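Student: Just one file: target.cif, with mmCIF, C-alpha atoms.
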```
data_protein
#
loop_
_atom_site.label_atom_id
_atom_site.label_comp_id
_atom_site.auth_asym_id
_atom_site.auth_seq_id
_atom_site.Cartn_x
_atom_site.Cartn_y
_atom_site.Cartn_z
CA MET A 1 24.79 -7.12 -23.88
CA GLN A 2 25.10 -7.56 -20.13
CA THR A 3 23.14 -4.33 -19.68
CA ALA A 4 20.29 -5.68 -21.80
CA ILE A 5 20.18 -8.93 -19.81
CA ALA A 6 20.14 -7.05 -16.48
CA ILE A 7 17.31 -4.82 -17.71
CA ILE A 8 15.19 -7.73 -18.93
CA LEU A 9 15.77 -9.67 -15.69
CA PHE A 10 14.73 -6.63 -13.66
CA LEU A 11 11.63 -5.95 -15.77
CA VAL A 12 10.41 -9.54 -15.43
CA PHE A 13 11.48 -10.58 -11.94
CA ALA A 14 11.22 -7.38 -9.89
CA PRO A 15 7.39 -7.35 -9.69
CA ILE A 16 7.41 -11.06 -8.77
CA ILE A 17 9.99 -10.54 -6.01
CA GLY A 18 8.27 -7.33 -4.91
CA GLY A 19 4.90 -9.07 -4.67
CA LEU A 20 6.41 -11.95 -2.68
CA LEU A 21 8.07 -9.46 -0.31
CA SER A 22 4.71 -7.75 0.12
CA GLY A 23 3.02 -11.09 0.85
CA LEU A 24 5.76 -11.91 3.36
CA ASP A 25 5.17 -8.51 4.97
CA ARG A 26 1.46 -9.29 5.49
CA ILE A 27 2.11 -12.78 6.87
CA VAL A 28 4.80 -11.58 9.33
CA THR A 29 2.51 -8.72 10.41
CA ALA A 30 -0.35 -11.16 11.00
CA ARG A 31 1.85 -13.54 13.01
CA LEU A 32 3.14 -10.67 15.15
CA GLN A 33 -0.50 -9.83 15.88
CA GLY A 34 -1.39 -13.42 16.78
CA ARG A 35 -3.31 -14.05 13.54
CA LYS A 36 -2.72 -16.49 10.71
CA GLY A 37 -2.60 -14.03 7.84
CA PRO A 38 -3.37 -14.27 4.11
CA PRO A 39 -1.66 -16.69 1.70
CA LEU A 40 1.81 -15.66 0.44
CA LEU A 41 0.50 -14.91 -3.06
CA GLN A 42 -2.27 -12.62 -1.77
CA PRO A 43 -0.76 -9.39 -3.24
CA PHE A 44 -0.90 -11.03 -6.70
CA TYR A 45 -4.57 -11.93 -6.19
CA ASP A 46 -5.21 -8.34 -5.10
CA VAL A 47 -3.56 -6.85 -8.19
CA ARG A 48 -5.32 -9.38 -10.46
CA LYS A 49 -8.66 -8.30 -8.98
CA LEU A 50 -7.84 -4.61 -9.30
CA LEU A 51 -6.92 -5.02 -12.96
CA ALA A 52 -10.36 -6.60 -13.54
CA LYS A 53 -12.41 -3.84 -11.89
CA GLN A 54 -14.06 -0.80 -13.35
CA VAL A 55 -11.99 2.39 -13.13
CA VAL A 56 -13.55 5.56 -11.78
CA LEU A 57 -11.35 8.30 -13.23
CA VAL A 58 -11.79 11.69 -11.58
CA ASN A 59 -10.07 13.79 -14.26
CA ASN A 60 -8.20 13.33 -17.54
CA VAL A 61 -4.63 13.48 -16.21
CA GLN A 62 -4.87 11.06 -13.30
CA ASP A 63 -4.06 7.89 -15.22
CA PHE A 64 -1.33 9.57 -17.33
CA LEU A 65 0.45 10.68 -14.13
CA VAL A 66 0.27 7.20 -12.59
CA TYR A 67 1.70 5.73 -15.82
CA GLY A 68 4.48 8.33 -15.51
CA PHE A 69 5.15 7.08 -11.98
CA LEU A 70 5.36 3.47 -13.20
CA VAL A 71 7.59 4.33 -16.17
CA PHE A 72 10.09 6.32 -14.10
CA ILE A 73 10.23 3.77 -11.30
CA VAL A 74 11.01 1.06 -13.87
CA PHE A 75 13.59 3.40 -15.44
CA THR A 76 15.19 3.95 -12.00
CA GLY A 77 15.44 0.22 -11.34
CA CYS A 78 16.73 -0.60 -14.82
CA LEU A 79 19.41 2.10 -14.55
CA PHE A 80 20.47 0.87 -11.10
CA PHE A 81 20.60 -2.85 -11.85
CA SER A 82 22.47 -2.33 -15.11
CA GLY A 83 25.25 -0.55 -13.21
CA GLY A 84 24.48 3.07 -14.06
CA ASP A 85 25.21 6.34 -12.27
CA ILE A 86 23.88 6.28 -8.68
CA LEU A 87 23.20 10.02 -8.62
CA LEU A 88 21.08 9.82 -11.79
CA VAL A 89 19.27 6.84 -10.27
CA PHE A 90 18.27 8.82 -7.17
CA PHE A 91 17.13 11.79 -9.27
CA ALA A 92 14.96 9.48 -11.41
CA LEU A 93 13.48 8.08 -8.19
CA THR A 94 12.60 11.59 -7.04
CA LEU A 95 10.97 12.34 -10.41
CA ALA A 96 8.86 9.17 -10.16
CA ALA A 97 7.72 10.19 -6.66
CA ILE A 98 6.74 13.63 -8.01
CA PHE A 99 4.54 12.01 -10.68
CA PHE A 100 2.73 10.00 -8.01
CA MET A 101 2.30 13.07 -5.82
CA MET A 102 0.95 15.08 -8.78
CA SER A 103 -1.68 12.45 -9.57
CA ALA A 104 -2.91 12.80 -5.97
CA CYS A 105 -2.79 16.60 -6.24
CA SER A 106 -4.82 16.63 -9.45
CA ALA A 107 -7.91 15.21 -7.73
CA ASN A 108 -10.30 17.59 -6.01
CA SER A 109 -10.55 15.54 -2.86
CA PRO A 110 -9.21 17.09 0.36
CA TYR A 111 -7.94 13.67 1.50
CA SER A 112 -5.97 13.28 -1.72
CA ASN A 113 -4.52 16.80 -1.51
CA MET A 114 -3.52 16.38 2.13
CA GLY A 115 -1.87 13.09 1.21
CA ALA A 116 0.06 14.90 -1.53
CA GLN A 117 1.20 17.62 0.89
CA ARG A 118 2.35 15.02 3.38
CA GLU A 119 4.17 13.18 0.60
CA LEU A 120 6.10 16.38 -0.19
CA LEU A 121 7.03 16.75 3.48
CA GLN A 122 8.19 13.14 3.51
CA MET A 123 10.37 13.87 0.49
CA MET A 124 11.85 16.87 2.31
CA ALA A 125 12.65 14.53 5.19
CA TYR A 126 14.44 11.80 3.25
CA GLU A 127 16.05 13.57 0.27
CA PRO A 128 19.08 14.90 2.26
CA MET A 129 19.92 11.39 3.47
CA VAL A 130 19.49 9.89 -0.01
CA LEU A 131 21.91 12.45 -1.46
CA ILE A 132 24.35 11.73 1.38
CA VAL A 133 24.22 8.03 0.42
CA ALA A 134 25.27 8.93 -3.15
CA ILE A 135 28.00 11.30 -1.92
CA GLY A 136 29.16 8.69 0.60
CA PHE A 137 29.62 6.08 -2.12
CA TYR A 138 31.58 8.58 -4.18
CA MET A 139 33.81 9.51 -1.26
CA SER A 140 34.54 5.90 -0.32
CA THR A 141 35.06 4.42 -3.78
CA GLY A 142 35.87 7.44 -5.96
CA THR A 143 33.07 6.80 -8.43
CA PHE A 144 29.31 7.29 -8.87
CA SER A 145 28.97 4.22 -11.09
CA VAL A 146 27.09 1.32 -9.46
CA ALA A 147 28.96 -1.24 -11.57
CA GLU A 148 32.33 0.00 -10.26
CA ILE A 149 31.12 0.38 -6.66
CA ILE A 150 30.04 -3.25 -6.41
CA ALA A 151 33.30 -4.43 -8.02
CA SER A 152 35.56 -2.80 -5.42
CA ASP A 153 37.84 -4.77 -3.10
CA SER A 154 36.06 -4.14 0.18
CA PRO A 155 32.36 -3.65 0.92
CA ALA A 156 31.25 -0.05 1.30
CA ILE A 157 29.81 -0.75 4.76
CA TRP A 158 33.22 -0.56 6.44
CA LYS A 159 33.68 3.08 5.44
CA LEU A 160 30.00 4.07 5.57
CA PRO A 161 28.45 2.57 8.73
CA GLY A 162 26.81 5.84 9.75
CA VAL A 163 25.42 6.42 6.26
CA PHE A 164 24.00 2.86 6.30
CA ILE A 165 22.20 3.42 9.60
CA GLY A 166 20.87 6.76 8.38
CA PHE A 167 19.64 5.11 5.19
CA LEU A 168 17.84 2.39 7.19
CA PHE A 169 16.11 5.14 9.14
CA ILE A 170 14.73 6.89 6.09
CA LEU A 171 13.94 3.54 4.45
CA ALA A 172 10.90 3.41 6.74
CA ILE A 173 9.64 6.56 5.02
CA LYS A 174 10.21 5.18 1.50
CA LEU A 175 8.63 1.82 2.34
CA ARG A 176 5.62 3.59 3.91
CA LYS A 177 5.95 1.95 7.29
CA SER A 178 5.14 3.33 10.75
CA PRO A 179 6.20 5.66 12.30
CA PHE A 180 6.48 7.43 8.95
CA ASP A 181 3.46 6.24 6.94
CA LEU A 182 1.89 9.69 6.87
CA SER A 183 0.80 10.09 3.26
CA THR A 184 -0.68 6.66 2.53
CA SER A 185 -0.51 3.35 4.25
CA HIS A 186 -1.67 -0.20 3.71
CA HIS A 187 -3.28 -0.36 7.10
CA ALA A 188 -4.45 3.00 8.22
CA HIS A 189 -7.53 4.43 6.67
CA GLN A 190 -8.50 5.98 9.93
CA GLU A 191 -6.78 9.24 9.30
CA MET A 192 -7.41 10.55 5.80
CA CYS A 193 -9.17 7.73 3.97
CA LYS A 194 -6.27 6.40 1.94
CA GLY A 195 -4.36 9.67 1.55
CA LEU A 196 -2.52 9.65 -1.80
CA THR A 197 -4.49 6.77 -3.25
CA THR A 198 -7.96 7.96 -2.17
CA GLU A 199 -9.13 8.90 -5.67
CA ILE A 200 -7.33 6.08 -7.50
CA SER A 201 -9.32 2.93 -8.30
CA GLY A 202 -9.51 -0.12 -10.54
CA ASN A 203 -6.60 -0.97 -12.79
CA ILE A 204 -4.83 2.35 -12.07
CA LEU A 205 -4.62 1.29 -8.42
CA GLY A 206 -3.24 -2.05 -9.62
CA PHE A 207 -0.47 -0.17 -11.47
CA VAL A 208 0.33 1.87 -8.34
CA GLU A 209 0.75 -1.39 -6.43
CA ILE A 210 3.03 -2.82 -9.14
CA SER A 211 5.10 0.40 -9.11
CA HIS A 212 5.55 0.04 -5.35
CA TRP A 213 6.84 -3.51 -5.90
CA TYR A 214 9.44 -2.26 -8.41
CA GLU A 215 10.39 0.52 -5.97
CA ASN A 216 10.81 -1.88 -3.04
CA VAL A 217 13.08 -4.18 -5.04
CA PHE A 218 15.20 -1.16 -6.04
CA LEU A 219 15.43 0.06 -2.42
CA MET A 220 16.47 -3.38 -1.20
CA GLY A 221 19.07 -3.33 -3.97
CA VAL A 222 20.52 -0.12 -2.52
CA VAL A 223 20.68 -1.80 0.92
CA GLY A 224 22.54 -4.70 -0.67
CA MET A 225 24.95 -2.33 -2.43
CA PHE A 226 26.55 -1.51 0.94
CA PHE A 227 27.68 -5.15 1.19
CA ILE A 228 28.37 -6.41 -2.32
CA HIS A 229 32.00 -6.35 -3.49
CA ARG A 230 34.16 -8.46 -5.74
CA PRO A 231 33.78 -12.02 -4.22
CA TRP A 232 30.60 -13.85 -5.34
CA TRP A 233 29.60 -14.84 -1.78
CA SER A 234 29.13 -11.18 -0.84
CA VAL A 235 25.83 -11.37 -2.71
CA LEU A 236 24.61 -14.03 -0.25
CA ILE A 237 25.57 -11.79 2.68
CA ALA A 238 23.74 -8.91 1.01
CA ILE A 239 20.57 -11.02 0.60
CA ALA A 240 20.70 -12.07 4.26
CA VAL A 241 21.07 -8.43 5.34
CA ILE A 242 18.19 -7.40 3.05
CA LEU A 243 15.86 -9.98 4.61
CA LEU A 244 16.91 -8.89 8.11
CA VAL A 245 16.36 -5.21 7.28
CA TYR A 246 12.93 -5.97 5.77
CA PHE A 247 11.94 -7.91 8.89
CA LEU A 248 13.07 -5.00 11.10
CA GLU A 249 10.97 -2.60 9.03
CA VAL A 250 7.88 -4.83 9.42
CA LEU A 251 8.58 -5.11 13.16
CA ALA A 252 8.86 -1.32 13.45
CA ASP A 253 5.59 -1.01 11.50
CA ASN A 254 3.84 -3.08 14.14
CA ILE A 255 5.43 -1.42 17.17
CA PHE A 256 5.37 2.30 16.43
CA PRO A 257 2.36 4.59 16.00
CA ARG A 258 2.28 7.19 13.25
CA ILE A 259 3.98 10.48 14.17
CA LYS A 260 3.17 14.02 13.06
CA TRP A 261 5.04 15.59 10.16
CA GLN A 262 6.79 18.16 12.36
CA LEU A 263 8.31 15.39 14.46
CA MET A 264 9.18 13.36 11.35
CA LEU A 265 11.15 16.26 9.84
CA LYS A 266 12.91 17.03 13.12
CA VAL A 267 13.86 13.44 13.92
CA THR A 268 14.90 12.55 10.36
CA TRP A 269 17.12 15.62 9.94
CA ILE A 270 18.76 15.06 13.34
CA VAL A 271 19.48 11.44 12.44
CA THR A 272 20.76 12.54 9.00
CA LEU A 273 23.17 14.97 10.68
CA ALA A 274 24.28 12.62 13.44
CA THR A 275 24.84 9.58 11.25
CA GLY A 276 25.23 10.62 7.61
CA VAL A 277 26.97 13.97 7.83
CA LEU A 278 29.19 12.84 10.73
CA ASN A 279 30.23 9.75 8.75
CA LEU A 280 31.15 11.90 5.72
CA VAL A 281 33.11 14.37 7.86
CA VAL A 282 35.08 11.55 9.51
CA LEU A 283 35.70 9.95 6.11
CA ALA A 284 36.97 13.23 4.67
CA ALA A 285 39.25 13.73 7.68
CA ILE A 286 40.76 10.25 7.37
CA GLU A 287 41.45 10.41 3.61
CA MET B 1 -11.66 -15.90 -13.83
CA LYS B 2 -11.48 -16.46 -10.12
CA SER B 3 -9.67 -13.20 -9.41
CA LEU B 4 -12.50 -11.61 -7.45
CA THR B 5 -13.09 -14.46 -5.02
CA ARG B 6 -9.56 -14.31 -3.63
CA SER B 7 -9.41 -10.64 -2.82
CA PRO B 8 -12.73 -9.18 -1.61
CA TRP B 9 -12.25 -5.71 -0.13
CA LEU B 10 -14.91 -4.49 2.25
CA LEU B 11 -16.26 -1.08 3.02
CA HIS B 12 -18.02 -0.97 6.37
CA TYR B 13 -20.56 1.83 6.86
CA ASP B 14 -22.74 2.55 9.90
CA ALA B 15 -26.03 4.08 8.71
CA ALA B 16 -28.23 4.56 11.81
CA SER B 17 -26.88 1.65 13.80
CA CYS B 18 -26.57 1.39 17.57
CA ASN B 19 -22.97 0.19 16.93
CA GLY B 20 -23.66 -3.35 18.20
CA CYS B 21 -23.35 -4.88 14.72
CA ASP B 22 -20.37 -2.60 13.93
CA ILE B 23 -18.48 -4.06 16.88
CA GLU B 24 -19.22 -7.55 15.61
CA VAL B 25 -18.00 -6.59 12.11
CA LEU B 26 -14.74 -5.31 13.53
CA ALA B 27 -14.48 -8.44 15.67
CA CYS B 28 -14.18 -10.39 12.42
CA LEU B 29 -10.81 -8.71 11.89
CA THR B 30 -9.43 -9.80 15.26
CA PRO B 31 -7.26 -12.90 15.79
CA ILE B 32 -10.21 -15.11 16.83
CA TYR B 33 -11.96 -14.87 13.45
CA ASP B 34 -9.21 -13.32 11.26
CA VAL B 35 -10.93 -12.69 7.91
CA GLU B 36 -7.63 -11.53 6.38
CA ARG B 37 -6.99 -15.27 5.87
CA PHE B 38 -9.46 -15.05 2.98
CA GLY B 39 -7.83 -11.95 1.54
CA VAL B 40 -10.48 -9.66 3.03
CA ILE B 41 -9.27 -6.13 3.78
CA ASN B 42 -11.35 -3.53 5.54
CA THR B 43 -10.68 -0.49 3.36
CA GLY B 44 -12.14 2.85 4.37
CA ASN B 45 -12.46 4.06 0.79
CA PRO B 46 -15.53 3.28 -1.39
CA LYS B 47 -13.37 3.60 -4.51
CA HIS B 48 -11.27 0.66 -3.37
CA ALA B 49 -14.11 -1.56 -2.12
CA ASP B 50 -16.02 -4.47 -3.68
CA ILE B 51 -18.46 -5.27 -0.88
CA LEU B 52 -20.47 -2.73 1.10
CA LEU B 53 -21.24 -3.94 4.64
CA ILE B 54 -24.00 -1.71 5.99
CA THR B 55 -25.34 -1.78 9.52
CA GLY B 56 -28.32 0.06 10.94
CA GLY B 57 -31.51 1.48 9.46
CA ILE B 58 -31.95 4.50 7.19
CA ASN B 59 -32.98 7.91 8.49
CA GLU B 60 -33.15 11.24 6.67
CA GLN B 61 -29.61 12.26 7.58
CA CYS B 62 -27.84 9.22 6.21
CA GLU B 63 -29.99 8.57 3.14
CA SER B 64 -28.05 10.77 0.71
CA VAL B 65 -24.71 9.66 2.19
CA VAL B 66 -25.53 5.98 1.68
CA ARG B 67 -26.57 6.63 -1.94
CA GLN B 68 -23.34 8.57 -2.57
CA ILE B 69 -21.08 5.91 -1.10
CA TYR B 70 -22.80 3.23 -3.20
CA SER B 71 -22.39 5.29 -6.38
CA GLN B 72 -18.69 5.85 -5.67
CA MET B 73 -17.97 2.12 -5.61
CA PRO B 74 -16.66 0.73 -8.92
CA LYS B 75 -18.44 -2.25 -10.47
CA PRO B 76 -18.87 -5.12 -9.78
CA LYS B 77 -20.22 -4.46 -6.29
CA VAL B 78 -22.36 -6.26 -3.72
CA VAL B 79 -24.34 -4.87 -0.76
CA VAL B 80 -24.58 -6.88 2.47
CA ALA B 81 -27.09 -5.68 5.08
CA VAL B 82 -25.76 -6.70 8.49
CA GLY B 83 -28.14 -6.91 11.42
CA ILE B 84 -31.92 -6.89 11.53
CA CYS B 85 -32.04 -3.07 11.53
CA ALA B 86 -30.29 -3.00 8.16
CA CYS B 87 -32.58 -5.76 6.85
CA ASP B 88 -35.93 -4.14 7.63
CA GLY B 89 -35.57 -1.55 10.41
CA GLY B 90 -35.43 -4.04 13.30
CA ILE B 91 -36.75 -2.87 16.65
CA PHE B 92 -36.75 0.73 15.38
CA LYS B 93 -39.11 -0.10 12.50
CA GLU B 94 -42.08 1.81 13.93
CA CYS B 95 -40.04 4.90 14.85
CA TYR B 96 -40.89 8.19 13.17
CA ASN B 97 -37.28 8.87 12.11
CA ILE B 98 -36.40 5.47 10.62
CA LYS B 99 -37.51 4.92 7.01
CA GLY B 100 -36.78 1.21 7.14
CA GLY B 101 -33.95 -1.13 6.17
CA ILE B 102 -31.19 -0.43 3.65
CA ASP B 103 -33.32 -1.79 0.81
CA THR B 104 -35.38 1.42 0.93
CA VAL B 105 -32.46 3.21 -0.76
CA LEU B 106 -30.08 0.59 -2.17
CA PRO B 107 -30.41 -2.77 -3.94
CA VAL B 108 -29.38 -5.18 -1.16
CA ASP B 109 -27.95 -8.52 -2.28
CA ILE B 110 -27.33 -10.38 0.99
CA TYR B 111 -29.28 -10.08 4.27
CA VAL B 112 -27.58 -11.11 7.52
CA PRO B 113 -30.18 -10.93 10.32
CA GLY B 114 -29.35 -10.85 14.02
CA CYS B 115 -29.25 -8.41 16.88
CA ALA B 116 -26.34 -8.18 17.02
CA ALA B 117 -25.37 -10.39 14.07
CA ARG B 118 -22.77 -12.96 15.12
CA PRO B 119 -19.29 -12.79 13.49
CA GLU B 120 -19.80 -16.32 12.15
CA ALA B 121 -23.03 -15.20 10.41
CA ILE B 122 -21.32 -12.06 9.09
CA ILE B 123 -18.45 -14.10 7.66
CA ASP B 124 -20.99 -16.49 6.11
CA GLY B 125 -22.72 -13.51 4.52
CA VAL B 126 -19.40 -12.18 3.20
CA VAL B 127 -18.56 -15.58 1.69
CA LYS B 128 -21.94 -15.64 -0.11
CA ALA B 129 -21.34 -12.03 -1.21
CA VAL B 130 -17.94 -13.01 -2.67
CA ALA B 131 -19.54 -15.79 -4.74
CA LEU B 132 -22.20 -13.33 -5.94
CA LEU B 133 -19.47 -10.82 -6.82
CA GLN B 134 -17.83 -13.39 -9.07
CA GLU B 135 -21.20 -14.15 -10.73
CA LYS B 136 -21.83 -10.45 -11.42
CA HIS B 137 -18.33 -10.08 -12.89
CA ASN B 138 -18.85 -13.10 -15.17
CA GLU B 139 -22.25 -11.76 -16.34
CA HIS B 140 -20.69 -8.38 -17.05
CA LYS B 141 -17.89 -10.01 -19.07
CA LYS B 142 -20.44 -12.00 -21.10
CA LYS B 143 -22.39 -8.84 -21.86
CA GLU B 144 -19.22 -7.02 -22.94
CA SER B 145 -18.10 -9.84 -25.23
CA GLY B 146 -21.69 -10.28 -26.48
CA LYS B 147 -21.72 -6.64 -27.65
#
```
I need this file expressed as structure tokens, please.
Tutor:
Amino acid sequence: MQTAIAIILFLVFAPIIGGLLSGLDRIVTARLQGRKGPPLLQPFYDVRKLLAKQVVLVNNVQDFLVYGFLVFIVFTGCLFFSGGDILLVFFALTLAAIFFMMSACSANSPYSNMGAQRELLQMMAYEPMVLIVAIGFYMSTGTFSVAEIIASDSPAIWKLPGVFIGFLFILAIKLRKSPFDLSTSHHAHQEMCKGLTTEISGNILGFVEISHWYENVFLMGVVGMFFIHRPWWSVLIAIAVILLVYFLEVLADNIFPRIKWQLMLKVTWIVTLATGVLNLVVLAAIE
Amino acid sequence: MKSLTRSPWLLHYDAASCNGCDIEVLACLTPIYDVERFGVINTGNPKHADILLITGGINEQCESVVRQIYSQMPKPKVVVAVGICACDGGIFKECYNIKGGIDTVLPVDIYVPGCAARPEAIIDGVVKAVALLQEKHNEHKKKESGK
């Protein structure tokens, strides 16, 4: 029963919260650049317009693959927020990302294909850290189940500070923010048109945007999971940390330029080793 | 449905322009004019754009490119010719390489004269284009439901 309620709440409220976060992102970016920025609800106006436009489909699998992306992102979020297995959640996330990458690959455009290749490289960069997050939670609480992790006596952050910092680092890749917005980005069309989303238009593009909102809410949920434990007020602390982390990501987006994929792989793997792996080794030694 | 008026995405293309009008178009995105307040995004992809902002005249090299970009834009779409060169060829009208303004190859909806066109005039043109976009969408809906 509780599972069903959590799933329904996620299905209904995640796109609303995701869209508001996206609107907040654009306003903060504008203010940091000395501009006024669009209204807070702008992302909803954008999606509403996209859903009303004509679609230019380039082949007969493109829309099916984007629907696959949406379905598996929603599945990931539902599984996570209903307290499921964190490892299964991360694998579902990877599968969703593959669907999105395949829809870009299926088009004949060189921009789209390059975007897909860069997306694969990005996945190579962040997957080790994501798996270390799952392993870290298991090592610190003895379980992979999200429901049990958030019901433990102390927040996971005390035992996993390195893993948390490593996760924040790769979060920039997942949220598509500079310096790691190589495959597609809200701002940059200077490099490869729009990369992954070059050949996607009309309502299919609207669904991609909605999927990104679901994904962002899920990722912020993972950030919060480091702080939530049995007392009810830990949720408030988690929300405050989430807002701070989101602001830092937007700040980084405005400060850093985009880096090349070789540097992204190198830097991300070094950070994964120095923060994530080191944290796990220390944790194993203590216990 | 007012959906289109709140989120007009532009595609800016330089046909055979001297770049003067292009600089003014990009100036609209800077903090002084800030068109993102109106939900305007400068997207580089015709498949994502609603409004085509074209500067400069048409010569043989850019003719087929301009036609292709226009055909790649999903409906409803509006063309705004920015600068006097895009309107009718401007000071290059008599040149042997310039065919004329954009309306020699595309159906232009809004003309924004000027050399270079001022950002205020460009924004005015975009606002008129947004209203026209909404009209075209409503007409299209009526036709669909009429069928």
Student: Dump as JSON, numbers by chain the residues of chain B that approach chain A to within 12 Å, counting all atoms listed in the file.
Tutor: {"B": [1, 2, 3, 4, 5, 6, 7, 8, 9, 11, 12, 28, 29, 30, 31, 32, 33, 34, 35, 36, 37, 38, 39, 40, 41, 42, 43, 44, 45, 46, 47, 48, 49, 50, 71, 72, 73, 74, 75, 76, 77, 133, 134, 136, 137, 138, 140, 141]}
Student: Starting from the shown file, work through the PyMOL selection byres ((chain A and resi 81) around 9) and note down what comes out as a list in words.
Tutor: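 That selection, the PyMOL selection byres ((chain A and resi 81) around 9), comes back as Thr3, Ala6, Ile7, Phe10, Thr76, Gly77, Cys78, Leu79, Phe80, Ser82, Gly83, Gly84, Val146, Ala147, Phe218 and Gly221 of chain A.
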Student: The selected residues should be written to file as a tab-separated table (two decimals), in the coordinates of the input (atoms: C-alpha atoms).
Tutor:
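Written output follows (selection14.tsv):
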```tsv
chain	number	residue	atom	x	y	z
A	3	THR	CA	23.14	-4.33	-19.68
A	6	ALA	CA	20.14	-7.05	-16.48
A	7	ILE	CA	17.31	-4.82	-17.71
A	10	PHE	CA	14.73	-6.63	-13.66
A	76	THR	CA	15.19	3.95	-12.00
A	77	GLY	CA	15.44	0.22	-11.34
A	78	CYS	CA	16.73	-0.60	-14.82
A	79	LEU	CA	19.41	2.10	-14.55
A	80	PHE	CA	20.47	0.87	-11.10
A	82	SER	CA	22.47	-2.33	-15.11
A	83	GLY	CA	25.25	-0.55	-13.21
A	84	GLY	CA	24.48	3.07	-14.06
A	146	VAL	CA	27.09	1.32	-9.46
A	147	ALA	CA	28.96	-1.24	-11.57
A	218	PHE	CA	15.20	-1.16	-6.04
A	221	GLY	CA	19.07	-3.33	-3.97
```
Student: Determine the residue set returned by the PyMOL selection byres ((chain A and resi 174) around 10) for the present structure, and present it as a VMD selection string.
Tutor: chain A and resid 97 122 to 123 126 168 to 173 175 to 177 180 to 181 212 215 to 216 219
Student: Which residues, written as a ChimeraX atom specification, have at least one atom at most 12 Å from B:Tyr96, with only C-alpha atoms counted and residues fewer than 6 positions away on the same chain left out?
Tutor: /B:58-60,89
Student: Could you tell me how far atom CA of A:Asn254 lies from atom CA of A:Arg118, in Å and to one decimal?
Tutor: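 Distance reported for this atom pair: 21.1 Å.
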Student: Write out as a list in words the residues lying within 10 Å of A:Leu160, counting only C-alpha atoms and excluding same-chain residues fewer than 2 positions away.
Tutor: Val133, Gly136, Phe137, Met139, Ser140, Pro155, Ala156, Ile157, Trp158, Gly162, Val163, Phe164, Ile165, Gly166, Phe226, Thr275, Gly276, Asn279, Leu280, Val282 and Leu283 of chain A
Student: Which residue gives the smallest distance to B:Thr104 among B:Ala131, B:Ala116, B:Ile122, B:Cys87, with all atoms listed in the file counted?
Tutor: B:Cys87
Student: Would you mind putting back N, CA and C atoms on stretch 124-135 of chain B, then writing it out as a PDB file, in the frame of the given file?
Tutor:
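What landed in selection33.pdb:
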```
ATOM      1  N   ASP B 124     -20.212 -15.689   7.053  1.00  0.00           N
ATOM      2  CA  ASP B 124     -20.990 -16.490   6.110  1.00  0.00           C
ATOM      3  C   ASP B 124     -21.600 -15.604   5.037  1.00  0.00           C
ATOM      4  N   GLY B 125     -22.149 -14.463   5.466  1.00  0.00           N
ATOM      5  CA  GLY B 125     -22.720 -13.510   4.520  1.00  0.00           C
ATOM      6  C   GLY B 125     -21.678 -12.987   3.553  1.00  0.00           C
ATOM      7  N   VAL B 126     -20.478 -12.684   4.061  1.00  0.00           N
ATOM      8  CA  VAL B 126     -19.400 -12.180   3.200  1.00  0.00           C
ATOM      9  C   VAL B 126     -18.992 -13.240   2.189  1.00  0.00           C
ATOM     10  N   VAL B 127     -18.931 -14.499   2.616  1.00  0.00           N
ATOM     11  CA  VAL B 127     -18.560 -15.580   1.690  1.00  0.00           C
ATOM     12  C   VAL B 127     -19.585 -15.692   0.562  1.00  0.00           C
ATOM     13  N   LYS B 128     -20.895 -15.607   0.935  1.00  0.00           N
ATOM     14  CA  LYS B 128     -21.940 -15.640  -0.110  1.00  0.00           C
ATOM     15  C   LYS B 128     -21.816 -14.424  -1.022  1.00  0.00           C
ATOM     16  N   ALA B 129     -21.479 -13.256  -0.419  1.00  0.00           N
ATOM     17  CA  ALA B 129     -21.340 -12.030  -1.210  1.00  0.00           C
ATOM     18  C   ALA B 129     -20.194 -12.167  -2.202  1.00  0.00           C
ATOM     19  N   VAL B 130     -19.094 -12.825  -1.791  1.00  0.00           N
ATOM     20  CA  VAL B 130     -17.940 -13.010  -2.670  1.00  0.00           C
ATOM     21  C   VAL B 130     -18.330 -13.854  -3.875  1.00  0.00           C
ATOM     22  N   ALA B 131     -19.095 -14.942  -3.629  1.00  0.00           N
ATOM     23  CA  ALA B 131     -19.540 -15.790  -4.740  1.00  0.00           C
ATOM     24  C   ALA B 131     -20.429 -14.999  -5.694  1.00  0.00           C
ATOM     25  N   LEU B 132     -21.306 -14.152  -5.122  1.00  0.00           N
ATOM     26  CA  LEU B 132     -22.200 -13.330  -5.940  1.00  0.00           C
ATOM     27  C   LEU B 132     -21.408 -12.319  -6.765  1.00  0.00           C
ATOM     28  N   LEU B 133     -20.348 -11.782  -6.139  1.00  0.00           N
ATOM     29  CA  LEU B 133     -19.470 -10.820  -6.820  1.00  0.00           C
ATOM     30  C   LEU B 133     -18.889 -11.443  -8.085  1.00  0.00           C
ATOM     31  N   GLN B 134     -18.423 -12.687  -7.940  1.00  0.00           N
ATOM     32  CA  GLN B 134     -17.830 -13.390  -9.070  1.00  0.00           C
ATOM     33  C   GLN B 134     -18.868 -13.593 -10.166  1.00  0.00           C
ATOM     34  N   GLU B 135     -20.118 -13.956  -9.748  1.00  0.00           N
ATOM     35  CA  GLU B 135     -21.200 -14.150 -10.730  1.00  0.00           C
ATOM     36  C   GLU B 135     -21.455 -12.871 -11.507  1.00  0.00           C
TER      37      GLU B 135
END
```
